[in-house]
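Let me begin by presenting the structure, written as structure tokens, before commenting on it.
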Amino acid sequence: KNKLKFEFKGSDVKFARVEQKEESDGALIQRLAVSHGFGVKVIKSTLVIMEHSTLEKASSNVIIDKKLIKSGNIKMTDVDTYDSCLIHYYDTKLKKKIQVEVKAKRYFYTGTIGKVLKKNKSFGVSGTKAEKEAQLKKIAEGLLREKNKKDTTFSFNLKGSFDYVAGARVTLKNFGIFDKGNYIITAVSHKKDSSGYETQVEGRVCLDVS
């Protein structure tokens, strides 16, 4: 009804039950996508749903060299970020406890920070115990990815260029320990005035969750 085209990249997700109450269609899609590790955007009249893990595994030859940066910074935070996500609950149909846990690799921490994201609900999964565990693991990965997106982020002002696009995977050069990570560009803006042409690039570290 919104006359949008549709583009989907990633592995299929099955839902046993979905409830929509006092929630717009857009908010529903966003909620379901985020909880399963997907990002949602509308680009040129196309609704794009893409799995973050698929995007982060894409090849890239884009390099951001510190020598080209006019200003900017890299930030790390452990506020509301987690080492792992634990989902557990008692399944009344199977009469069994179901528990799954996924862990995140924190690239620039010398050790774990000891924080676990805990959820005690079924998330509407269905099937056998093994099938439910597989579905819950996918959900746990999505929840952990969403929380840890701000783990390590950057914002740079560079010489104007169209080489940088949102969604591209990039590497950093001459940033010391931050050179060892891979990154995703999350936002790009361009500005041209009397002082010249400048591009602002924002991004985050690729998340290793398993």
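Identifiers in this document derive from the order of the structure tokens: chains are assigned A, B, ..., residues are numbered from 1 separately in each chain, and ligands are numbered from 1 in order of occurrence.
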Inset, instruction - Based on DSSP run over this structure's backbone, return all residues of stretch 13-137 of chain A in strand (DSSP E), as a ChimeraX atom specification. - result: /A:38-43,46-51,62-65,69-76,84-91,96-105,116-119
Kindly save the residues from that selection, with C-alpha atoms included, as an mmCIF file, in the first residue's frame.
data_model
loop_
_atom_site.group_PDB
_atom_site.id
_atom_site.type_symbol
_atom_site.label_atom_id
_atom_site.label_comp_id
_atom_site.auth_asym_id
_atom_site.auth_seq_id
_atom_site.Cartn_x
_atom_site.Cartn_y
_atom_site.Cartn_z
ATOM 1 C CA PHE A 38 18.727 -7.290 10.553
ATOM 2 C CA GLY A 39 18.862 -3.638 9.602
ATOM 3 C CA VAL A 40 15.989 -1.801 7.878
ATOM 4 C CA LYS A 41 16.195 1.162 5.510
ATOM 5 C CA VAL A 42 14.093 2.760 2.789
ATOM 6 C CA ILE A 43 16.307 3.707 -0.157
ATOM 7 C CA THR A 46 12.793 0.359 -1.861
ATOM 8 C CA LEU A 47 12.384 -1.279 1.539
ATOM 9 C CA VAL A 48 15.748 -2.903 2.224
ATOM 10 C CA ILE A 49 16.128 -5.528 4.954
ATOM 11 C CA MET A 50 19.679 -6.819 5.303
ATOM 12 C CA GLU A 51 21.254 -9.171 7.812
ATOM 13 C CA VAL A 62 37.956 0.956 1.069
ATOM 14 C CA ILE A 63 40.584 2.263 3.474
ATOM 15 C CA ILE A 64 40.323 5.309 5.741
ATOM 16 C CA ASP A 65 43.840 6.614 6.335
ATOM 17 C CA ILE A 69 41.368 13.059 8.280
ATOM 18 C CA LYS A 70 40.811 16.724 9.020
ATOM 19 C CA SER A 71 39.136 16.071 12.363
ATOM 20 C CA GLY A 72 37.288 13.328 14.192
ATOM 21 C CA ASN A 73 37.538 10.650 16.848
ATOM 22 C CA ILE A 74 37.143 6.988 17.735
ATOM 23 C CA LYS A 75 35.075 6.138 20.812
ATOM 24 C CA MET A 76 34.817 2.994 22.904
ATOM 25 C CA SER A 84 27.078 -12.321 25.940
ATOM 26 C CA CYS A 85 23.314 -12.740 25.680
ATOM 27 C CA LEU A 86 21.525 -15.436 27.677
ATOM 28 C CA ILE A 87 17.943 -16.483 26.939
ATOM 29 C CA HIS A 88 16.289 -18.997 29.226
ATOM 30 C CA TYR A 89 12.735 -19.960 30.152
ATOM 31 C CA TYR A 90 10.581 -22.953 31.017
ATOM 32 C CA ASP A 91 8.716 -24.261 27.983
ATOM 33 C CA LYS A 96 11.597 -28.543 29.649
ATOM 34 C CA LYS A 97 13.962 -25.699 30.424
ATOM 35 C CA ILE A 98 15.396 -24.091 27.326
ATOM 36 C CA GLN A 99 18.553 -22.026 27.497
ATOM 37 C CA VAL A 100 20.877 -20.590 24.855
ATOM 38 C CA GLU A 101 23.842 -18.240 25.153
ATOM 39 C CA VAL A 102 25.853 -16.446 22.496
ATOM 40 C CA LYS A 103 29.067 -14.529 23.072
ATOM 41 C CA ALA A 104 30.632 -11.469 21.498
ATOM 42 C CA LYS A 105 34.303 -10.918 20.781
ATOM 43 C CA VAL A 116 25.478 -10.623 30.405
ATOM 44 C CA LEU A 117 22.273 -9.532 28.674
ATOM 45 C CA LYS A 118 19.587 -11.787 30.173
ATOM 46 C CA LYS A 119 16.148 -12.452 28.711
#
A:Leu143 environment, 9 Å, only C-alpha atoms, sequence neighbours closer than 4 positions dropped, as a PDB file with all heavy atoms, in the first residue's frame:
ATOM      1  N   VAL A  34      15.229  -6.026  13.872  1.00  0.00           N
ATOM      2  CA  VAL A  34      16.302  -5.751  14.836  1.00  0.00           C
ATOM      3  C   VAL A  34      16.504  -6.938  15.771  1.00  0.00           C
ATOM      4  O   VAL A  34      17.636  -7.313  16.086  1.00  0.00           O
ATOM      5  CB  VAL A  34      15.987  -4.473  15.634  1.00  0.00           C
ATOM      6  CG1 VAL A  34      16.900  -4.356  16.850  1.00  0.00           C
ATOM      7  CG2 VAL A  34      16.161  -3.241  14.748  1.00  0.00           C
ATOM      8  N   SER A  35      15.410  -7.555  16.214  1.00  0.00           N
ATOM      9  CA  SER A  35      15.517  -8.658  17.173  1.00  0.00           C
ATOM     10  C   SER A  35      16.147  -9.902  16.554  1.00  0.00           C
ATOM     11  O   SER A  35      16.557 -10.812  17.273  1.00  0.00           O
ATOM     12  CB  SER A  35      14.139  -9.009  17.742  1.00  0.00           C
ATOM     13  OG  SER A  35      13.313  -9.579  16.740  1.00  0.00           O
ATOM     14  N   HIS A  36      16.258  -9.939  15.214  1.00  0.00           N
ATOM     15  CA  HIS A  36      16.862 -11.090  14.549  1.00  0.00           C
ATOM     16  C   HIS A  36      18.151 -10.724  13.821  1.00  0.00           C
ATOM     17  O   HIS A  36      18.632 -11.480  12.965  1.00  0.00           O
ATOM     18  CB  HIS A  36      15.875 -11.716  13.566  1.00  0.00           C
ATOM     19  CG  HIS A  36      14.770 -12.471  14.240  1.00  0.00           C
ATOM     20  ND1 HIS A  36      13.714 -11.841  14.877  1.00  0.00           N
ATOM     21  CD2 HIS A  36      14.565 -13.803  14.429  1.00  0.00           C
ATOM     22  CE1 HIS A  36      12.913 -12.756  15.390  1.00  0.00           C
ATOM     23  NE2 HIS A  36      13.399 -13.938  15.133  1.00  0.00           N
ATOM     24  N   GLY A  37      18.727  -9.557  14.157  1.00  0.00           N
ATOM     25  CA  GLY A  37      20.020  -9.192  13.602  1.00  0.00           C
ATOM     26  C   GLY A  37      19.982  -8.582  12.216  1.00  0.00           C
ATOM     27  O   GLY A  37      20.958  -8.649  11.473  1.00  0.00           O
ATOM     28  N   CYS A  85      24.763 -12.833  25.493  1.00  0.00           N
ATOM     29  CA  CYS A  85      23.314 -12.740  25.680  1.00  0.00           C
ATOM     30  C   CYS A  85      22.798 -14.123  26.063  1.00  0.00           C
ATOM     31  O   CYS A  85      23.077 -15.110  25.378  1.00  0.00           O
ATOM     32  CB  CYS A  85      22.630 -12.258  24.403  1.00  0.00           C
ATOM     33  SG  CYS A  85      20.821 -12.209  24.526  1.00  0.00           S
ATOM     34  N   LEU A 117      23.624  -9.988  28.985  1.00  0.00           N
ATOM     35  CA  LEU A 117      22.273  -9.532  28.674  1.00  0.00           C
ATOM     36  C   LEU A 117      21.340 -10.720  28.853  1.00  0.00           C
ATOM     37  O   LEU A 117      21.428 -11.704  28.109  1.00  0.00           O
ATOM     38  CB  LEU A 117      22.219  -9.010  27.239  1.00  0.00           C
ATOM     39  CG  LEU A 117      20.853  -8.538  26.727  1.00  0.00           C
ATOM     40  CD1 LEU A 117      20.365  -7.329  27.515  1.00  0.00           C
ATOM     41  CD2 LEU A 117      20.930  -8.218  25.232  1.00  0.00           C
ATOM     42  N   LYS A 138      19.479 -17.448  17.202  1.00  0.00           N
ATOM     43  CA  LYS A 138      19.422 -16.386  16.198  1.00  0.00           C
ATOM     44  C   LYS A 138      18.940 -15.078  16.815  1.00  0.00           C
ATOM     45  O   LYS A 138      19.479 -13.997  16.545  1.00  0.00           O
ATOM     46  CB  LYS A 138      18.481 -16.821  15.076  1.00  0.00           C
ATOM     47  CG  LYS A 138      18.423 -15.895  13.896  1.00  0.00           C
ATOM     48  CD  LYS A 138      19.553 -16.137  12.961  1.00  0.00           C
ATOM     49  CE  LYS A 138      19.394 -15.339  11.679  1.00  0.00           C
ATOM     50  NZ  LYS A 138      20.518 -15.516  10.755  1.00  0.00           N
ATOM     51  N   ILE A 139      17.912 -15.182  17.664  1.00  0.00           N
ATOM     52  CA  ILE A 139      17.373 -13.997  18.326  1.00  0.00           C
ATOM     53  C   ILE A 139      18.403 -13.409  19.282  1.00  0.00           C
ATOM     54  O   ILE A 139      18.598 -12.189  19.342  1.00  0.00           O
ATOM     55  CB  ILE A 139      16.069 -14.349  19.075  1.00  0.00           C
ATOM     56  CG1 ILE A 139      14.968 -14.708  18.072  1.00  0.00           C
ATOM     57  CG2 ILE A 139      15.620 -13.200  19.961  1.00  0.00           C
ATOM     58  CD1 ILE A 139      13.721 -15.293  18.687  1.00  0.00           C
ATOM     59  N   LYS A 147      22.727  -4.288  20.862  1.00  0.00           N
ATOM     60  CA  LYS A 147      23.286  -3.643  22.048  1.00  0.00           C
ATOM     61  C   LYS A 147      24.728  -3.193  21.826  1.00  0.00           C
ATOM     62  O   LYS A 147      25.148  -2.142  22.291  1.00  0.00           O
ATOM     63  CB  LYS A 147      23.215  -4.587  23.247  1.00  0.00           C
ATOM     64  CG  LYS A 147      21.837  -4.752  23.848  1.00  0.00           C
ATOM     65  CD  LYS A 147      21.375  -3.463  24.501  1.00  0.00           C
ATOM     66  CE  LYS A 147      20.061  -3.649  25.229  1.00  0.00           C
ATOM     67  NZ  LYS A 147      19.594  -2.381  25.860  1.00  0.00           N
ATOM     68  N   ASN A 148      25.503  -4.017  21.111  1.00  0.00           N
ATOM     69  CA  ASN A 148      26.937  -3.766  21.001  1.00  0.00           C
ATOM     70  C   ASN A 148      27.327  -2.910  19.801  1.00  0.00           C
ATOM     71  O   ASN A 148      28.514  -2.731  19.529  1.00  0.00           O
ATOM     72  CB  ASN A 148      27.702  -5.092  20.952  1.00  0.00           C
ATOM     73  CG  ASN A 148      27.815  -5.743  22.323  1.00  0.00           C
ATOM     74  OD1 ASN A 148      27.202  -5.292  23.281  1.00  0.00           O
ATOM     75  ND2 ASN A 148      28.586  -6.803  22.417  1.00  0.00           N
TER      76      ASN A 148
END
Legend entry - Point-to-point distance in Å for atom CA of A:Glu146 and atom CA of A:Tyr107: 16.4 Å
Inset, instruction - Rank A:Ala140, A:Lys149, A:Asn157, A:Asp78 by their smallest atom-to-atom distance to A:Glu202, using only C-alpha atoms, and report the top residue only. - result: A:Asn157
Legend entry - Test item: residues at most 9 Å from A:Tyr183, only C-alpha atoms, excluding those fewer than 5 positions along its chain, as a PyMOL selection string: chain A and resi 56+153+168-172+203-207
Just the selected residues (N, CA and C atoms), exported as a PDB file, in the first residue's frame, please.
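Output below, filename part-v9.pdb:
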ATOM      1  N   GLU A  56      28.505  -7.495   7.078  1.00  0.00           N
ATOM      2  CA  GLU A  56      29.825  -7.366   7.668  1.00  0.00           C
ATOM      3  C   GLU A  56      30.844  -8.339   7.073  1.00  0.00           C
ATOM      4  N   THR A 153      33.010   3.062  17.892  1.00  0.00           N
ATOM      5  CA  THR A 153      32.464   3.853  16.790  1.00  0.00           C
ATOM      6  C   THR A 153      33.445   4.952  16.402  1.00  0.00           C
ATOM      7  N   ALA A 168      29.053   0.259   3.465  1.00  0.00           N
ATOM      8  CA  ALA A 168      30.316  -0.297   2.984  1.00  0.00           C
ATOM      9  C   ALA A 168      31.184  -0.746   4.153  1.00  0.00           C
ATOM     10  N   ARG A 169      31.921  -1.823   3.938  1.00  0.00           N
ATOM     11  CA  ARG A 169      32.863  -2.287   4.949  1.00  0.00           C
ATOM     12  C   ARG A 169      34.214  -1.643   4.681  1.00  0.00           C
ATOM     13  N   VAL A 170      34.853  -1.138   5.721  1.00  0.00           N
ATOM     14  CA  VAL A 170      36.116  -0.432   5.554  1.00  0.00           C
ATOM     15  C   VAL A 170      37.141  -0.900   6.582  1.00  0.00           C
ATOM     16  N   THR A 171      38.393  -0.576   6.326  1.00  0.00           N
ATOM     17  CA  THR A 171      39.465  -0.792   7.299  1.00  0.00           C
ATOM     18  C   THR A 171      40.115   0.555   7.589  1.00  0.00           C
ATOM     19  N   LEU A 172      40.740   0.640   8.751  1.00  0.00           N
ATOM     20  CA  LEU A 172      41.430   1.860   9.154  1.00  0.00           C
ATOM     21  C   LEU A 172      42.935   1.668   9.042  1.00  0.00           C
ATOM     22  N   GLY A 203      30.842   5.462  11.534  1.00  0.00           N
ATOM     23  CA  GLY A 203      30.825   4.018  11.404  1.00  0.00           C
ATOM     24  C   GLY A 203      31.022   3.315  12.720  1.00  0.00           C
ATOM     25  N   ARG A 204      31.020   1.995  12.665  1.00  0.00           N
ATOM     26  CA  ARG A 204      31.181   1.174  13.875  1.00  0.00           C
ATOM     27  C   ARG A 204      31.975  -0.072  13.519  1.00  0.00           C
ATOM     28  N   VAL A 205      32.523  -0.697  14.548  1.00  0.00           N
ATOM     29  CA  VAL A 205      33.289  -1.924  14.337  1.00  0.00           C
ATOM     30  C   VAL A 205      32.355  -3.071  13.954  1.00  0.00           C
ATOM     31  N   CYS A 206      32.824  -3.971  13.078  1.00  0.00           N
ATOM     32  CA  CYS A 206      32.060  -5.175  12.772  1.00  0.00           C
ATOM     33  C   CYS A 206      31.988  -6.041  14.018  1.00  0.00           C
ATOM     34  N   LEU A 207      30.845  -6.676  14.227  1.00  0.00           N
ATOM     35  CA  LEU A 207      30.612  -7.414  15.465  1.00  0.00           C
ATOM     36  C   LEU A 207      30.795  -8.907  15.258  1.00  0.00           C
TER      37      LEU A 207
END
